[in-house]
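Okay, so here's the structure we're looking at.
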Amino acid sequence: MKKAKYSIWQNVKYIYSKMWQYSRSLVLYSFARMPINVVLPFLGIYLSSFVVGAVTNKYTPGQIIISISIIMLATLVLNLISLFLSGKIQGLSLGNRVNFLKMIAEKSLSTDYENLESPSGQVKLSKAMECINSNNSSGEAVVYSLIDVASSLIGIVSYATLIITINPIIISVVIVSAFINFLLLKRRNRWEIENRDNYTPIERKLNYILNCSRDFSSAKDIKIYNMSGWFGGLFTDFLNQRIYWIKKSESQGFRIDALSGILTLIRDAICFGWLVYLLFVNGLSADQFILYFGVIAGFSNWIYGFADKWAALDNHSIKICDLRDYLEMEDKFNYGKGLPMPTDDFSIEFKNVSFRYSGSETNAIDNINLKIKNGEKIAFVGANGAGKTTLVKMLCGFYKTIDGEILVGGNNIFKYNINEYYQNICAVFQDMNFLPVSINDNISFGRKKNTANYEINDLIEMVGLKSKIDSLPQGKDTCLGRTLSEDAIDLSGGEKQKLALARALYQGGNILVLDEPTAALDPIAENEMYLKYNEMAGGKTTIFVSHRLASTKFCDRIVMLDKGKIIEMGTHDELIQNGGKYAEMFEMQSYYYKREGSKNVLQTEK
């Protein structure tokens, strides 16, 4: 059995502290609602008892009407107050849940990349989102549970004070039965804790398939390759797996509900049997019988309500633990005060660097040692899976080394504030993402200034997009992506490459990383684009990543990687003369770049 990370009381304190920060009114309205929840049902019990007592004691019609009117007026006023508080609490509880959603978004935007990419991080995110994904989810419903539990406690104390005048044993019977019921419900919640990791990954897969089936970018592949049946089969398989766990949960709940029903029957037989005994043996009056009958029933409801609401609160607490588990994910990089970033030395050194992905038995990067001079142009080449992308992701501050260190400007990158470090990296990755906003905003992201002091118009011309953008009616204010806007456009692959370069240069960092951004282009277009990148890089320390060796011939040095290790290093000509793995792979690839019997199409000039 797994134990929750935080107790209910710790989570209650956490919830109220967040409620107090978000809206103190929500806390005050919640406390005001608690006693009203107790007084209203008692007025109903008292009204029935009073009417019977008034008749048997021969009150005058006028006395009866006035007394009933007062009780009903008080009930009406309290109901109006209750409705007012309910409306306020409902609106503010929604806002409280949205506040948690904002916290998750902020965590996702600020946490280490590795936390988001890892399977464990994705599971934590799924659990956290389950806590706040609807009005009935724990992030909102926990507010009502807190009110219900506190109201039940007030009701228990108030009603017990009346019942104790009859016989304390009745209180004991109700409390014992409720306590057993509470243990049963708690057992069910513990079962949920134990088995959540079994069905949460299944839900993630179901959601992934649903999102793919609705995703515009996947529509072409689904239609062309007739993938709908395959998707449906996968969905059915995962749905059956999820239904299996739903059935297990429902079976567990049915057994608990059956036992709870038996306990309720026994409790009622004892309590109401005692009242009947008092009525016929001890001369209990009719109005007292009705009052105590109602109070005992109400006390039982409060006791069982407390057990039920506490179990619900316990379940919400489990979900709150999931939420906190995501929000409190530990970051490995430095987000506090760090060393000042260098101003003129952006040399890079990998010292005995190793890295292994979670769950893997072998290193993706294995004891890399490499020095890159300030302003040097380096190429990382090798077959797919050689470790090129992993190495540059570590340089970019996405992964933390398991051994060794990466130095920039002579200092370990973990000693810099990671956000300041990011500002000195300008990168173009293979998977380029553009937001459905204007071309201008996709370059600047709302930043009016950049460290490179580039004007956006100048960048557009430099990367070769000026004629394209000038042809658009709205120019650089044209939106990208037709999903959200009728007037938006889609760019070609080459145009996206140029826009990505403009975005990277606008960042103005001193280290330029190009991680196979042209992999989707043909070899000739890739070569031209890499030459363009090299021209635009200027004096930046630049790393080109490619599995096409001819595209990086112009670099100062080429580093050949294989299985996470450096196997060759030198200029293109040196590596060809050495006749090693690089020369062998280059010769194999060059066959596809040659025109019939003519020279290699790819350019070789720097």
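As shown in the structure tokens, the chain order sets the letters A, B, ...; within each chain, residues go from 1, and ligands are also counted from 1 in the order they appear.
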Do you know which residues are at most 10 Å from Leu94 (chain A) counting only C-alpha atoms, after dropping those on the same chain fewer than 6 positions away, and could you put them as a PDB file with C-alpha atoms, in the first residue's frame?
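Everything below was put into part-v9.pdb:
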ATOM      1  CA  PHE A 100      -4.326  26.107  -9.743  1.00  0.00           C
ATOM      2  CA  ILE A 132      -8.277  20.509 -12.055  1.00  0.00           C
ATOM      3  CA  SER A 134     -13.478  20.012 -14.563  1.00  0.00           C
ATOM      4  CA  ASN A 135     -15.898  21.581 -12.096  1.00  0.00           C
ATOM      5  CA  GLY A 139      -9.189  21.435  -7.410  1.00  0.00           C
ATOM      6  CA  GLU A 140     -12.699  22.916  -7.150  1.00  0.00           C
ATOM      7  CA  ALA A 141     -14.741  20.265  -5.321  1.00  0.00           C
ATOM      8  CA  VAL A 143     -13.757  23.618  -1.292  1.00  0.00           C
TER       9      VAL A 143
END
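Using only C-alpha atoms, the residues found no farther than 8 Å from Pro340 (chain A), other than those of its own chain fewer than 2 positions away, are Gly338, Pro342 and Tyr416 of chain A.
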Contacts of region 381-394 of chain A within 8 Å, only C-alpha atoms, excl. fewer than 5 positions in-chain, as number ranges by chain: A: 364-365, 399-401, 513, 515, 545-549, 558-565
For CA of Ser126 (chain A) and CA of Leu206 (chain A), the interatomic separation in Å (one decimal): 11.9 Å
Taking the chain letters and numbering used in this document, name the residues of region 374-432 of chain A that DSSP puts in alpha helix (DSSP H), as a VMD selection string. chain A and resid 388 to 395 418 to 422
For Ala488 (chain A), list every protein, DNA or RNA residue within 9 Å, evaluated using only C-alpha atoms, and leave out those in the same chain fewer than 3 positions away; present the list as an MDAnalysis selection string. chainID A and resid 436:438 478:485
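Close contacts of region 236-250 of chain A, defined as residues with an atom at most 9 Å away when counting only C-alpha atoms, with chain neighbours fewer than 5 positions off set aside, comprise Arg188, Trp191, Glu192, Asn195, Asn198, Tyr199, Thr200, Ile202, Glu203, Lys205, Leu206, Phe231 and Arg255 of chain A.
Take the candidates A:Asp470, A:Asp441, A:Asp331, A:Glu455 and check each one against Leu116 (chain A) using only C-alpha atoms; the shortest distance goes to A:Asp331.
Distance check against Ile406 (chain A) using only C-alpha atoms: of A:Phe350, A:Tyr357, A:Phe544, A:Tyr159, the minimum falls on A:Phe350.
Between Ile418 (chain A) and the residues A:Thr542, A:Thr60, A:Ser7, A:Thr111, the shortest atom-to-atom distance, using only C-alpha atoms, involves A:Thr111.
Nearest to Ala311 (chain A) of all the residues A:Ile64, A:Leu183, A:Leu162, A:Ile15 is A:Leu183, counting only C-alpha atoms.
When only C-alpha atoms are used to compute distances to Ser108 (chain A), the closest of the residues A:Leu234, A:Ala297, A:Met329, A:Leu146 turns out to be A:Met329.
Nearest residue to Tyr335 (chain A), choosing from A:Glu486, A:Glu420, A:Glu535, A:Asp268 and counting only C-alpha atoms: A:Glu420.
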Could you name the residues that touch Phe272 (chain A) at 12 Å or less, counting only C-alpha atoms, but leaving out those on the same chain fewer than 6 positions away, as a VMD selection string? chain A and resid 170 173 to 174 264 to 266 278 to 279 289 to 290 292 to 297 300
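Shell of region 324-328 of chain A at 9 Å, with only C-alpha atoms counted and residues fewer than 2 places along the chain excluded, is Lys5, Met103, Ile104, Lys107, Ser108, Gly121, Lys124, Leu125, Lys127, Ala128, Lys319, Ile320, Cys321, Asp322, Glu330 and Asp331 of chain A.
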Do you have, as CSV, the list of residues of region 313-429 of chain A lying at most 10 Å from region 493-511 of chain A, each with its nearest atom pair and that distance in Å to one decimal, counting only C-alpha atoms and ordered by chain then number?
residue,atom,partner,partner_atom,distance
A:Pro342,CA,A:Asn510,CA,9.8
A:Thr343,CA,A:Asn510,CA,9.0
A:Asp344,CA,A:Asn510,CA,8.8
A:Asp345,CA,A:Asn510,CA,9.1
A:Phe346,CA,A:Asn510,CA,6.8
A:Ser347,CA,A:Ile511,CA,9.0
A:Ile348,CA,A:Ile511,CA,9.3
A:Asn374,CA,A:Ile511,CA,9.1
A:Gly375,CA,A:Ile511,CA,8.4
A:Glu376,CA,A:Ile511,CA,9.9
A:Leu395,CA,A:Ile511,CA,9.8
A:Cys396,CA,A:Ile511,CA,9.3
A:Val408,CA,A:Ile511,CA,9.7
A:Tyr421,CA,A:Gly509,CA,9.1
A:Tyr422,CA,A:Gly509,CA,8.2
A:Gln423,CA,A:Gly509,CA,5.9
A:Asn424,CA,A:Gly509,CA,3.7
A:Ile425,CA,A:Gly509,CA,4.7
A:Cys426,CA,A:Ala504,CA,4.7
A:Ala427,CA,A:Ala504,CA,5.6
A:Val428,CA,A:Ala500,CA,6.1
A:Phe429,CA,A:Ala500,CA,8.5
Just the selected residues (N, CA, C and O atoms), exported as a PDB file, in the first residue's frame, please.
ATOM      1  N   PRO A 342      29.528  35.578 -19.293  1.00  0.00           N
ATOM      2  CA  PRO A 342      30.693  36.198 -19.944  1.00  0.00           C
ATOM      3  C   PRO A 342      30.247  37.186 -21.020  1.00  0.00           C
ATOM      4  O   PRO A 342      29.128  37.119 -21.526  1.00  0.00           O
ATOM      5  N   THR A 343      31.128  38.094 -21.339  1.00  0.00           N
ATOM      6  CA  THR A 343      30.809  39.110 -22.350  1.00  0.00           C
ATOM      7  C   THR A 343      31.530  38.875 -23.671  1.00  0.00           C
ATOM      8  O   THR A 343      31.025  39.274 -24.735  1.00  0.00           O
ATOM      9  N   ASP A 344      32.708  38.260 -23.612  1.00  0.00           N
ATOM     10  CA  ASP A 344      33.473  38.098 -24.853  1.00  0.00           C
ATOM     11  C   ASP A 344      34.067  36.701 -25.030  1.00  0.00           C
ATOM     12  O   ASP A 344      34.696  36.420 -26.046  1.00  0.00           O
ATOM     13  N   ASP A 345      33.894  35.839 -24.049  1.00  0.00           N
ATOM     14  CA  ASP A 345      34.447  34.489 -24.153  1.00  0.00           C
ATOM     15  C   ASP A 345      33.307  33.474 -24.080  1.00  0.00           C
ATOM     16  O   ASP A 345      32.749  33.221 -23.015  1.00  0.00           O
ATOM     17  N   PHE A 346      32.968  32.903 -25.231  1.00  0.00           N
ATOM     18  CA  PHE A 346      31.927  31.886 -25.271  1.00  0.00           C
ATOM     19  C   PHE A 346      32.497  30.577 -25.820  1.00  0.00           C
ATOM     20  O   PHE A 346      31.896  29.914 -26.652  1.00  0.00           O
ATOM     21  N   SER A 347      33.691  30.277 -25.297  1.00  0.00           N
ATOM     22  CA  SER A 347      34.274  28.973 -25.603  1.00  0.00           C
ATOM     23  C   SER A 347      33.480  27.906 -24.847  1.00  0.00           C
ATOM     24  O   SER A 347      32.841  28.175 -23.834  1.00  0.00           O
ATOM     25  N   ILE A 348      33.523  26.686 -25.364  1.00  0.00           N
ATOM     26  CA  ILE A 348      32.753  25.577 -24.792  1.00  0.00           C
ATOM     27  C   ILE A 348      33.697  24.416 -24.542  1.00  0.00           C
ATOM     28  O   ILE A 348      34.596  24.128 -25.349  1.00  0.00           O
ATOM     29  N   ASN A 374      36.213  29.985 -28.822  1.00  0.00           N
ATOM     30  CA  ASN A 374      35.260  31.084 -28.995  1.00  0.00           C
ATOM     31  C   ASN A 374      35.188  31.473 -30.477  1.00  0.00           C
ATOM     32  O   ASN A 374      36.205  31.724 -31.119  1.00  0.00           O
ATOM     33  N   GLY A 375      33.992  31.487 -31.044  1.00  0.00           N
ATOM     34  CA  GLY A 375      33.802  31.855 -32.448  1.00  0.00           C
ATOM     35  C   GLY A 375      34.036  30.734 -33.432  1.00  0.00           C
ATOM     36  O   GLY A 375      33.899  30.933 -34.642  1.00  0.00           O
ATOM     37  N   GLU A 376      34.379  29.547 -32.947  1.00  0.00           N
ATOM     38  CA  GLU A 376      34.671  28.425 -33.844  1.00  0.00           C
ATOM     39  C   GLU A 376      33.370  27.836 -34.392  1.00  0.00           C
ATOM     40  O   GLU A 376      32.327  27.844 -33.735  1.00  0.00           O
ATOM     41  N   LEU A 395      24.124  20.930 -23.932  1.00  0.00           N
ATOM     42  CA  LEU A 395      24.744  22.251 -24.044  1.00  0.00           C
ATOM     43  C   LEU A 395      23.715  23.353 -23.868  1.00  0.00           C
ATOM     44  O   LEU A 395      23.982  24.379 -23.236  1.00  0.00           O
ATOM     45  N   CYS A 396      22.519  23.144 -24.416  1.00  0.00           N
ATOM     46  CA  CYS A 396      21.462  24.155 -24.333  1.00  0.00           C
ATOM     47  C   CYS A 396      20.860  24.259 -22.934  1.00  0.00           C
ATOM     48  O   CYS A 396      20.067  25.167 -22.666  1.00  0.00           O
ATOM     49  N   VAL A 408      31.117  26.834 -20.186  1.00  0.00           N
ATOM     50  CA  VAL A 408      30.957  27.910 -21.163  1.00  0.00           C
ATOM     51  C   VAL A 408      31.620  29.143 -20.581  1.00  0.00           C
ATOM     52  O   VAL A 408      31.286  29.563 -19.467  1.00  0.00           O
ATOM     53  N   TYR A 421      21.316  32.177 -18.957  1.00  0.00           N
ATOM     54  CA  TYR A 421      22.090  31.331 -19.880  1.00  0.00           C
ATOM     55  C   TYR A 421      21.317  31.107 -21.179  1.00  0.00           C
ATOM     56  O   TYR A 421      21.884  31.178 -22.281  1.00  0.00           O
ATOM     57  N   TYR A 422      20.006  30.851 -21.057  1.00  0.00           N
ATOM     58  CA  TYR A 422      19.184  30.644 -22.249  1.00  0.00           C
ATOM     59  C   TYR A 422      19.249  31.843 -23.192  1.00  0.00           C
ATOM     60  O   TYR A 422      19.202  31.690 -24.414  1.00  0.00           O
ATOM     61  N   GLN A 423      19.342  33.048 -22.633  1.00  0.00           N
ATOM     62  CA  GLN A 423      19.361  34.250 -23.459  1.00  0.00           C
ATOM     63  C   GLN A 423      20.613  34.341 -24.324  1.00  0.00           C
ATOM     64  O   GLN A 423      20.658  35.117 -25.275  1.00  0.00           O
ATOM     65  N   ASN A 424      21.624  33.539 -23.978  1.00  0.00           N
ATOM     66  CA  ASN A 424      22.856  33.542 -24.763  1.00  0.00           C
ATOM     67  C   ASN A 424      22.926  32.376 -25.745  1.00  0.00           C
ATOM     68  O   ASN A 424      23.951  32.164 -26.387  1.00  0.00           O
ATOM     69  N   ILE A 425      21.825  31.615 -25.819  1.00  0.00           N
ATOM     70  CA  ILE A 425      21.740  30.527 -26.790  1.00  0.00           C
ATOM     71  C   ILE A 425      20.708  30.903 -27.844  1.00  0.00           C
ATOM     72  O   ILE A 425      19.567  31.221 -27.528  1.00  0.00           O
ATOM     73  N   CYS A 426      21.093  30.914 -29.104  1.00  0.00           N
ATOM     74  CA  CYS A 426      20.097  31.037 -30.172  1.00  0.00           C
ATOM     75  C   CYS A 426      20.146  29.737 -30.952  1.00  0.00           C
ATOM     76  O   CYS A 426      21.211  29.289 -31.369  1.00  0.00           O
ATOM     77  N   ALA A 427      18.998  29.106 -31.091  1.00  0.00           N
ATOM     78  CA  ALA A 427      18.967  27.750 -31.627  1.00  0.00           C
ATOM     79  C   ALA A 427      17.859  27.590 -32.649  1.00  0.00           C
ATOM     80  O   ALA A 427      16.815  28.225 -32.575  1.00  0.00           O
ATOM     81  N   VAL A 428      18.123  26.720 -33.611  1.00  0.00           N
ATOM     82  CA  VAL A 428      17.116  26.295 -34.584  1.00  0.00           C
ATOM     83  C   VAL A 428      17.096  24.770 -34.542  1.00  0.00           C
ATOM     84  O   VAL A 428      18.109  24.136 -34.831  1.00  0.00           O
ATOM     85  N   PHE A 429      15.953  24.212 -34.159  1.00  0.00           N
ATOM     86  CA  PHE A 429      15.841  22.768 -34.009  1.00  0.00           C
ATOM     87  C   PHE A 429      15.099  22.148 -35.189  1.00  0.00           C
ATOM     88  O   PHE A 429      14.439  22.833 -35.973  1.00  0.00           O
TER      89      PHE A 429
END
